[in-house]
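Visitor: Provided below: query.cif, containing mmCIF, C-alpha atoms.
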```cif
data_target
#
loop_
_atom_site.label_atom_id
_atom_site.label_comp_id
_atom_site.auth_asym_id
_atom_site.auth_seq_id
_atom_site.Cartn_x
_atom_site.Cartn_y
_atom_site.Cartn_z
CA MET O 1 0.00 0.00 0.00
CA GLU O 2 1.36 3.42 -0.89
CA LYS O 3 1.88 5.83 2.01
CA GLU O 4 -0.39 8.35 0.29
CA ALA O 5 -3.34 6.00 0.83
CA LEU O 6 -3.04 6.60 4.59
CA ILE O 7 -3.27 10.38 4.36
CA PRO O 8 -6.75 11.96 4.27
CA ARG O 9 -7.21 14.42 1.42
CA VAL O 10 -9.75 17.20 1.31
CA GLY O 11 -12.43 16.63 -1.29
CA VAL O 12 -15.37 18.70 -2.48
CA ILE O 13 -18.82 17.31 -3.20
CA THR O 14 -19.78 18.79 -6.57
CA ASP O 15 -23.00 16.90 -7.28
CA ILE O 16 -25.52 14.81 -5.34
CA ARG O 17 -27.94 12.43 -7.03
CA GLN O 18 -30.93 10.83 -5.27
CA ASP O 19 -30.92 7.22 -6.48
CA THR O 20 -33.47 5.61 -4.15
CA PRO O 21 -35.35 6.80 -1.05
CA ASP O 22 -32.30 5.92 1.11
CA VAL O 23 -29.36 5.98 -1.35
CA LYS O 24 -27.61 9.07 -2.70
CA THR O 25 -24.62 9.20 -5.04
CA PHE O 26 -21.97 11.83 -4.31
CA ARG O 27 -19.59 13.15 -6.97
CA VAL O 28 -16.30 14.24 -5.40
CA VAL O 29 -13.19 16.04 -6.67
CA SER O 30 -10.10 17.41 -4.95
CA THR O 31 -9.92 21.07 -3.98
CA ASP O 32 -8.07 21.83 -7.23
CA GLY O 33 -10.94 20.35 -9.23
CA ASN O 34 -9.13 17.18 -10.26
CA LYS O 35 -9.81 13.51 -9.52
CA MET O 36 -8.79 12.48 -5.99
CA PHE O 37 -6.70 9.43 -6.98
CA GLU O 38 -6.67 6.40 -9.29
CA HIS O 39 -8.23 3.09 -8.27
CA ILE O 40 -9.04 -0.46 -9.40
CA PRO O 41 -12.71 -1.51 -9.79
CA GLY O 42 -13.88 -2.95 -6.49
CA GLN O 43 -11.61 -0.87 -4.26
CA CYS O 44 -12.93 1.30 -1.42
CA ALA O 45 -12.14 4.62 0.21
CA MET O 46 -12.62 6.04 3.70
CA LEU O 47 -14.98 9.02 3.70
CA SER O 48 -14.94 11.15 6.82
CA VAL O 49 -16.19 14.41 8.23
CA PRO O 50 -14.16 15.71 11.20
CA GLY O 51 -16.31 15.74 14.32
CA VAL O 52 -18.96 13.54 12.70
CA GLY O 53 -17.39 10.20 11.82
CA GLU O 54 -15.93 8.07 9.05
CA ALA O 55 -17.00 5.07 6.99
CA MET O 56 -15.56 2.76 4.36
CA ILE O 57 -17.48 3.23 1.10
CA SER O 58 -17.15 1.52 -2.27
CA ILE O 59 -15.90 3.65 -5.14
CA THR O 60 -18.77 3.29 -7.58
CA SER O 61 -17.37 5.23 -10.53
CA SER O 62 -15.21 3.48 -13.11
CA PRO O 63 -11.46 4.19 -13.25
CA THR O 64 -12.07 5.15 -16.89
CA LEU O 65 -13.66 8.37 -15.60
CA LYS O 66 -10.77 10.80 -15.23
CA GLU O 67 -12.54 13.93 -13.97
CA TYR O 68 -14.12 12.80 -10.68
CA MET O 69 -15.02 9.92 -8.35
CA GLU O 70 -18.47 8.84 -7.19
CA PHE O 71 -19.68 7.11 -4.04
CA SER O 72 -23.18 5.66 -3.59
CA VAL O 73 -24.11 5.93 0.10
CA LYS O 74 -27.01 4.22 1.85
CA LYS O 75 -28.44 6.18 4.77
CA CYS O 76 -27.91 3.82 7.69
CA GLY O 77 -25.88 5.57 10.41
CA HIS O 78 -24.58 8.82 11.85
CA LEU O 79 -22.09 9.76 9.12
CA THR O 80 -24.27 8.57 6.25
CA SER O 81 -27.24 10.53 7.62
CA TRP O 82 -25.03 13.62 7.83
CA LEU O 83 -23.90 13.13 4.23
CA HIS O 84 -27.51 12.76 3.08
CA SER O 85 -28.19 16.22 4.51
CA ALA O 86 -25.14 17.79 2.80
CA GLU O 87 -25.27 20.12 -0.18
CA PRO O 88 -22.93 20.51 -3.19
CA GLY O 89 -19.86 22.49 -2.15
CA GLN O 90 -19.48 20.62 1.14
CA GLN O 91 -15.93 19.54 1.92
CA ILE O 92 -15.15 16.06 3.26
CA THR O 93 -11.93 14.07 3.67
CA VAL O 94 -11.13 11.00 1.61
CA ARG O 95 -8.33 8.47 1.99
CA GLY O 96 -7.57 5.45 -0.11
CA PRO O 97 -7.80 3.47 -2.25
CA TYR O 98 -8.00 0.29 -0.16
CA GLY O 99 -8.33 -3.38 -1.03
CA ASN O 100 -7.31 -5.56 -3.94
CA GLY O 101 -10.28 -4.93 -6.26
CA PHE O 102 -11.59 -7.29 -8.93
CA PRO O 103 -8.95 -8.87 -11.24
CA VAL O 104 -10.05 -6.94 -14.31
CA GLU O 105 -6.57 -6.96 -15.84
CA SER O 106 -5.79 -10.62 -15.14
CA ASP O 107 -8.31 -13.37 -14.37
CA LEU O 108 -11.30 -11.62 -15.97
CA LEU O 109 -9.64 -10.79 -19.29
CA GLY O 110 -11.36 -12.45 -22.23
CA LYS O 111 -14.09 -13.97 -20.05
CA ASP O 112 -17.86 -13.82 -20.41
CA LEU O 113 -19.01 -12.09 -17.22
CA LEU O 114 -22.18 -12.47 -15.16
CA PHE O 115 -22.86 -9.74 -12.59
CA ILE O 116 -25.44 -10.51 -9.89
CA ALA O 117 -26.45 -7.73 -7.49
CA GLY O 118 -29.11 -7.15 -4.87
CA GLY O 119 -30.14 -3.69 -3.66
CA ILE O 120 -27.20 -1.46 -2.72
CA GLY O 121 -24.99 -4.43 -3.71
CA LEU O 122 -24.97 -2.93 -7.20
CA ALA O 123 -22.71 -0.12 -5.91
CA PRO O 124 -19.47 -2.15 -5.63
CA LEU O 125 -20.18 -3.81 -9.00
CA HIS O 126 -21.12 -0.57 -10.76
CA SER O 127 -17.46 0.41 -11.16
CA VAL O 128 -16.57 -2.97 -12.65
CA ILE O 129 -19.55 -3.06 -15.02
CA ASN O 130 -18.75 0.36 -16.46
CA TYR O 131 -15.03 -0.45 -16.65
CA VAL O 132 -15.78 -3.59 -18.67
CA ARG O 133 -18.31 -1.78 -20.85
CA ALA O 134 -15.68 0.88 -21.63
CA LYS O 135 -13.21 -1.82 -22.81
CA PRO O 136 -15.36 -4.31 -24.77
CA GLU O 137 -12.37 -5.54 -26.75
CA ASN O 138 -10.88 -7.03 -23.55
CA TYR O 139 -13.90 -9.03 -22.37
CA GLY O 140 -16.57 -11.37 -23.66
CA LYS O 141 -20.33 -11.07 -23.22
CA VAL O 142 -21.69 -9.14 -20.22
CA GLN O 143 -24.88 -10.10 -18.39
CA VAL O 144 -26.29 -8.22 -15.39
CA ILE O 145 -28.92 -9.72 -13.09
CA TYR O 146 -30.09 -7.09 -10.62
CA GLY O 147 -32.92 -7.07 -8.13
CA ALA O 148 -34.29 -4.96 -5.29
CA ARG O 149 -37.28 -4.84 -2.97
CA SER O 150 -39.16 -2.45 -5.27
CA LYS O 151 -38.70 -0.37 -8.41
CA ALA O 152 -37.86 2.64 -6.23
CA ASP O 153 -35.02 0.69 -4.60
CA LEU O 154 -33.18 -0.03 -7.88
CA VAL O 155 -29.93 1.94 -7.65
CA ASP O 156 -28.78 3.73 -10.84
CA TYR O 157 -32.10 2.85 -12.48
CA HIS O 158 -31.99 5.71 -15.00
CA GLU O 159 -28.44 4.84 -16.03
CA ILE O 160 -29.54 1.23 -16.48
CA LEU O 161 -32.42 2.35 -18.72
CA ASP O 162 -30.53 5.03 -20.67
CA GLU O 163 -27.17 3.31 -21.09
CA TRP O 164 -26.88 -0.34 -20.08
CA LEU O 165 -30.09 -1.53 -21.72
CA LYS O 166 -29.13 0.30 -24.92
CA ASP O 167 -25.67 -1.27 -25.04
CA PRO O 168 -25.76 -4.20 -27.50
CA SER O 169 -22.87 -5.89 -25.66
CA THR O 170 -24.73 -5.90 -22.33
CA GLU O 171 -27.72 -8.06 -21.34
CA VAL O 172 -29.65 -6.68 -18.36
CA ASN O 173 -32.23 -8.66 -16.37
CA LEU O 174 -34.11 -6.76 -13.66
CA THR O 175 -36.43 -8.07 -10.96
CA ILE O 176 -38.22 -6.78 -7.86
CA ASP O 177 -39.46 -8.77 -4.88
CA ASN O 178 -43.17 -8.00 -5.13
CA GLU O 179 -45.63 -6.86 -7.78
CA GLN O 180 -46.50 -3.17 -8.01
CA PRO O 181 -48.72 -1.18 -10.38
CA ASP O 182 -45.94 0.70 -12.22
CA TRP O 183 -43.75 -2.35 -12.84
CA ASP O 184 -44.25 -4.68 -15.81
CA GLY O 185 -40.92 -6.48 -15.51
CA HIS O 186 -39.97 -9.69 -13.72
CA VAL O 187 -41.15 -10.23 -10.14
CA GLY O 188 -39.36 -12.59 -7.81
CA PHE O 189 -36.26 -13.13 -5.70
CA ILE O 190 -32.81 -13.17 -7.27
CA PRO O 191 -31.84 -16.82 -6.55
CA ASN O 192 -34.96 -18.13 -8.30
CA TYR O 193 -34.52 -15.64 -11.14
CA VAL O 194 -30.96 -16.84 -11.68
CA LYS O 195 -32.18 -20.43 -11.99
CA GLU O 196 -34.98 -19.31 -14.32
CA LEU O 197 -32.53 -17.46 -16.60
CA ASN O 198 -30.17 -20.46 -16.54
CA PRO O 199 -26.99 -18.57 -17.52
CA ASP O 200 -24.12 -20.27 -19.33
CA THR O 201 -21.97 -22.08 -16.76
CA ARG O 202 -18.80 -21.01 -18.58
CA LYS O 203 -19.30 -17.44 -17.34
CA THR O 204 -17.33 -15.90 -14.49
CA VAL O 205 -19.62 -14.49 -11.79
CA LEU O 206 -19.20 -11.28 -9.79
CA MET O 207 -21.80 -11.04 -7.02
CA CYS O 208 -22.69 -8.60 -4.26
CA GLY O 209 -25.75 -8.08 -2.07
CA PRO O 210 -27.24 -8.92 1.31
CA PRO O 211 -25.66 -12.02 2.93
CA ILE O 212 -28.90 -14.02 2.70
CA MET O 213 -29.14 -13.25 -1.04
CA ILE O 214 -25.53 -14.29 -1.59
CA LYS O 215 -26.04 -17.54 0.33
CA PHE O 216 -29.06 -18.69 -1.69
CA THR O 217 -27.77 -17.34 -5.01
CA LEU O 218 -24.52 -19.23 -4.58
CA ALA O 219 -26.56 -22.39 -3.92
CA ALA O 220 -28.58 -21.69 -7.08
CA LEU O 221 -25.41 -21.23 -9.12
CA LYS O 222 -24.00 -24.51 -7.82
CA GLU O 223 -27.26 -26.23 -8.70
CA LEU O 224 -26.86 -24.94 -12.26
CA GLY O 225 -23.31 -26.29 -12.44
CA PHE O 226 -21.12 -23.32 -11.51
CA LYS O 227 -18.01 -23.95 -9.41
CA GLU O 228 -16.94 -21.81 -6.44
CA ASN O 229 -13.72 -20.80 -8.21
CA GLN O 230 -15.87 -19.10 -10.87
CA VAL O 231 -17.60 -16.78 -8.40
CA TYR O 232 -16.20 -13.57 -6.88
CA THR O 233 -17.74 -11.44 -4.15
CA THR O 234 -16.73 -8.43 -2.06
CA MET O 235 -16.76 -8.10 1.73
CA GLU O 236 -16.07 -4.42 2.31
CA LEU O 237 -18.81 -4.20 4.94
CA ARG O 238 -16.40 -5.89 7.36
CA MET O 239 -13.75 -3.19 6.86
CA LYS O 240 -13.16 -0.44 9.42
CA CYS O 241 -9.71 1.18 9.45
CA GLY O 242 -8.66 -0.03 6.00
CA ILE O 243 -5.00 -0.52 6.95
CA GLY O 244 -4.97 -3.78 8.93
CA LYS O 245 -4.61 -2.18 12.37
CA CYS O 246 -8.00 -2.33 14.11
CA GLY O 247 -8.56 -6.06 13.56
CA ARG O 248 -12.29 -5.71 12.88
CA CYS O 249 -12.00 -7.35 9.46
CA ASN O 250 -9.72 -10.19 10.57
CA ILE O 251 -10.95 -13.67 9.57
CA GLY O 252 -8.46 -16.36 10.54
CA PRO O 253 -5.18 -15.51 8.76
CA LYS O 254 -6.82 -12.94 6.47
CA TYR O 255 -7.51 -9.23 6.77
CA VAL O 256 -10.35 -8.19 4.49
CA CYS O 257 -8.88 -4.70 4.04
CA LYS O 258 -5.49 -6.03 2.91
CA ASP O 259 -6.25 -9.47 1.42
CA GLY O 260 -9.69 -8.47 0.10
CA PRO O 261 -12.30 -7.13 0.00
CA VAL O 262 -12.65 -9.16 -3.19
CA PHE O 263 -12.47 -12.94 -2.74
CA ARG O 264 -13.37 -16.00 -4.78
CA PHE O 265 -15.73 -18.33 -2.94
CA ASP O 266 -13.22 -21.17 -2.92
CA GLN O 267 -10.89 -18.82 -1.02
CA LEU O 268 -13.63 -18.10 1.51
CA ASP O 269 -14.05 -21.84 2.11
CA GLU O 270 -10.54 -21.85 3.56
CA LEU O 271 -11.53 -19.32 6.26
CA PRO O 272 -12.95 -20.15 9.73
CA ASP O 273 -16.69 -20.62 10.25
CA GLU O 274 -16.98 -17.11 11.74
CA TYR O 275 -17.40 -15.86 8.15
#
```
Is it possible to give me this structure as structure tokens?

Guide:
Amino acid sequence: MEKEALIPRVGVITDIRQDTPDVKTFRVVSTDGNKMFEHIPGQCAMLSVPGVGEAMISITSSPTLKEYMEFSVKKCGHLTSWLHSAEPGQQITVRGPYGNGFPVESDLLGKDLLFIAGGIGLAPLHSVINYVRAKPENYGKVQVIYGARSKADLVDYHEILDEWLKDPSTEVNLTIDNEQPDWDGHVGFIPNYVKELNPDTRKTVLMCGPPIMIKFTLAALKELGFKENQVYTTMELRMKCGIGKCGRCNIGPKYVCKDGPVFRFDQLDELPDEY
């Protein structure tokens, strides 16, 4: 890890987008108007406000964006509630990037990719999806299976409609948990939808969402014939300090902040049952 990743830098929120009733996306630049730092898809950064608190948040913008960084933040605690009340122009501190990210320049090259996300779980995958879409010559077919409790809870819904669904190289399958009057798409839980779609078992899977969704979706994938070494996930929710000092993310011999947050499921099988 470079020393610069340990030093908080002052950033400025230049734009705030309301994605869902409890998720906002914040566009951040440095005080000189440039991008804060470079990152790998799947890495995280520590956002903090002195006197308020700090939290590890996924970097949701693709590294291919050179002007700014974005962070999608779910309102669920003291700092996140404070951020949801902020206005453009507000200064915050940012340090990072942390973690090993997804292997976009190694293991994923040339592969057909299947992204599976539930709710705010799309945020960590958003960076990877847009990175892959920006470099179609380096990857095979892209399929996205994304679900949420309701239409209103689909993060980045307008981007999905305006960009992903119009991209001929990207297949997008959306679902919500329960029927509602303004939704004419698929209704049902993600694990069952995955089995219904029956994706090609030669694809490499990148998955993120609530633990219960991941558990049953992994079982569904195995039932279809996928192997654990084909499936990646991210565990940034266990991260606290980001530098391997607090011990909160320690699982057996691994530190999520230094050895992860991205892991293949066969790697997770080697960890103690506490996971």

Visitor: Nearest residue to Val155 of chain O out of O:Leu108, O:Ile129, O:Leu122, O:Val28, using all atoms listed in the file?

Guide: O:Leu122

Visitor: Would you work out the distance separating atom CA of Ile212 of chain O from atom CA of Pro191 of chain O, expressed in Å to one decimal?

Guide: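 Interatomic distance, atom CA of Ile212 of chain O to atom CA of Pro191 of chain O: 10.1 Å.
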
Visitor: Counting only C-alpha atoms, which residue out of O:Ala123, O:Met36, O:Ile92, O:Gly42 sits closest to Ser72 of chain O?

Guide: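 Closest candidate: O:Ala123.
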
Visitor: To one decimal in Å, tell me the separation between atom CA of Asp15 of chain O and atom CA of Arg27 of chain O.

Guide: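 Atom-to-atom, atom CA of Asp15 of chain O and atom CA of Arg27 of chain O are spaced 5.1 Å apart.
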
Visitor: Determine, counting all atoms listed in the file, which protein, DNA and RNA residues have an atom within 10 Å of an atom of Leu109 of chain O; residues of the same chain fewer than 2 positions away are not included. Present the result as a list in words.

Guide: Pro103, Val104, Glu105, Ser106, Asp107, Lys111, Asp112, Leu113, Val132, Glu137, Asn138, Tyr139 and Gly140 of chain O

Visitor: The selected residues should be written to file as a PDB file, in the frame of the given file (atoms: C-alpha atoms).

Guide:
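Wrote out.pdb, looks like this:
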```pdb
ATOM      1  CA  PRO O 103      -8.950  -8.870 -11.240  1.00  0.00           C
ATOM      2  CA  VAL O 104     -10.050  -6.940 -14.310  1.00  0.00           C
ATOM      3  CA  GLU O 105      -6.570  -6.960 -15.840  1.00  0.00           C
ATOM      4  CA  SER O 106      -5.790 -10.620 -15.140  1.00  0.00           C
ATOM      5  CA  ASP O 107      -8.310 -13.370 -14.370  1.00  0.00           C
ATOM      6  CA  LYS O 111     -14.090 -13.970 -20.050  1.00  0.00           C
ATOM      7  CA  ASP O 112     -17.860 -13.820 -20.410  1.00  0.00           C
ATOM      8  CA  LEU O 113     -19.010 -12.090 -17.220  1.00  0.00           C
ATOM      9  CA  VAL O 132     -15.780  -3.590 -18.670  1.00  0.00           C
ATOM     10  CA  GLU O 137     -12.370  -5.540 -26.750  1.00  0.00           C
ATOM     11  CA  ASN O 138     -10.880  -7.030 -23.550  1.00  0.00           C
ATOM     12  CA  TYR O 139     -13.900  -9.030 -22.370  1.00  0.00           C
ATOM     13  CA  GLY O 140     -16.570 -11.370 -23.660  1.00  0.00           C
TER      14      GLY O 140
END
```

Visitor: Which one is closest to Tyr255 of chain O: O:Leu206, O:Ala148, O:Gly99, O:Leu174? Count all atoms listed in the file.

Guide: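 Result for the nearest residue to Tyr255 of chain O: O:Gly99.
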
Visitor: For segment 5-27 of chain O, which lacks atoms in the input, supply N, CA, C and O atoms and format the output as a tab-separated table (two decimals), in the frame of the given file.

Guide:
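selection_37.tsv, freshly written:
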```
chain	number	residue	atom	x	y	z
O	5	ALA	N	-2.01	6.54	0.56
O	5	ALA	CA	-3.34	6.00	0.83
O	5	ALA	C	-3.74	6.18	2.29
O	5	ALA	O	-4.92	6.09	2.64
O	6	LEU	N	-2.76	6.44	3.17
O	6	LEU	CA	-3.04	6.60	4.59
O	6	LEU	C	-3.37	8.04	4.96
O	6	LEU	O	-3.84	8.30	6.07
O	7	ILE	N	-3.12	8.96	4.05
O	7	ILE	CA	-3.27	10.38	4.36
O	7	ILE	C	-4.61	10.90	3.84
O	7	ILE	O	-4.87	10.85	2.64
O	8	PRO	N	-5.47	11.40	4.74
O	8	PRO	CA	-6.75	11.96	4.27
O	8	PRO	C	-6.51	13.18	3.38
O	8	PRO	O	-5.64	14.02	3.66
O	9	ARG	N	-7.29	13.27	2.32
O	9	ARG	CA	-7.21	14.42	1.42
O	9	ARG	C	-8.56	15.13	1.44
O	9	ARG	O	-9.61	14.50	1.55
O	10	VAL	N	-8.52	16.42	1.31
O	10	VAL	CA	-9.75	17.20	1.31
O	10	VAL	C	-10.41	17.10	-0.06
O	10	VAL	O	-9.76	17.34	-1.10
O	11	GLY	N	-11.67	16.70	-0.05
O	11	GLY	CA	-12.43	16.63	-1.29
O	11	GLY	C	-13.64	17.54	-1.22
O	11	GLY	O	-14.08	17.94	-0.13
O	12	VAL	N	-14.19	17.84	-2.38
O	12	VAL	CA	-15.37	18.70	-2.48
O	12	VAL	C	-16.49	17.95	-3.18
O	12	VAL	O	-16.28	17.39	-4.26
O	13	ILE	N	-17.65	17.92	-2.56
O	13	ILE	CA	-18.82	17.31	-3.20
O	13	ILE	C	-19.36	18.29	-4.24
O	13	ILE	O	-19.76	19.41	-3.92
O	14	THR	N	-19.34	17.89	-5.50
O	14	THR	CA	-19.78	18.79	-6.57
O	14	THR	C	-21.18	18.48	-7.08
O	14	THR	O	-21.81	19.32	-7.71
O	15	ASP	N	-21.67	17.27	-6.81
O	15	ASP	CA	-23.00	16.90	-7.28
O	15	ASP	C	-23.55	15.80	-6.39
O	15	ASP	O	-22.80	14.94	-5.90
O	16	ILE	N	-24.86	15.84	-6.15
O	16	ILE	CA	-25.52	14.81	-5.34
O	16	ILE	C	-26.75	14.33	-6.10
O	16	ILE	O	-27.60	15.12	-6.50
O	17	ARG	N	-26.82	13.03	-6.30
O	17	ARG	CA	-27.94	12.43	-7.03
O	17	ARG	C	-28.74	11.51	-6.11
O	17	ARG	O	-28.18	10.66	-5.44
O	18	GLN	N	-30.06	11.69	-6.07
O	18	GLN	CA	-30.93	10.83	-5.27
O	18	GLN	C	-31.26	9.60	-6.10
O	18	GLN	O	-31.98	9.66	-7.09
O	19	ASP	N	-30.71	8.45	-5.72
O	19	ASP	CA	-30.92	7.22	-6.48
O	19	ASP	C	-32.16	6.47	-6.04
O	19	ASP	O	-32.93	5.97	-6.85
O	20	THR	N	-32.32	6.30	-4.73
O	20	THR	CA	-33.47	5.61	-4.15
O	20	THR	C	-33.87	6.41	-2.91
O	20	THR	O	-33.19	7.37	-2.54
O	21	PRO	N	-34.95	6.05	-2.24
O	21	PRO	CA	-35.35	6.80	-1.05
O	21	PRO	C	-34.25	6.89	0.02
O	21	PRO	O	-34.21	7.85	0.79
O	22	ASP	N	-33.33	5.88	0.08
O	22	ASP	CA	-32.30	5.92	1.11
O	22	ASP	C	-30.87	5.79	0.56
O	22	ASP	O	-29.93	5.51	1.31
O	23	VAL	N	-30.69	6.02	-0.75
O	23	VAL	CA	-29.36	5.98	-1.35
O	23	VAL	C	-29.14	7.24	-2.18
O	23	VAL	O	-29.96	7.59	-3.03
O	24	LYS	N	-28.03	7.92	-1.90
O	24	LYS	CA	-27.61	9.07	-2.70
O	24	LYS	C	-26.21	8.80	-3.24
O	24	LYS	O	-25.39	8.15	-2.60
O	25	THR	N	-25.94	9.31	-4.45
O	25	THR	CA	-24.62	9.20	-5.04
O	25	THR	C	-23.95	10.56	-5.03
O	25	THR	O	-24.53	11.55	-5.49
O	26	PHE	N	-22.72	10.59	-4.49
O	26	PHE	CA	-21.97	11.83	-4.31
O	26	PHE	C	-20.80	11.87	-5.29
O	26	PHE	O	-19.99	10.94	-5.33
O	27	ARG	N	-20.72	12.93	-6.06
O	27	ARG	CA	-19.59	13.15	-6.97
O	27	ARG	C	-18.57	14.02	-6.23
O	27	ARG	O	-18.92	15.09	-5.70
```
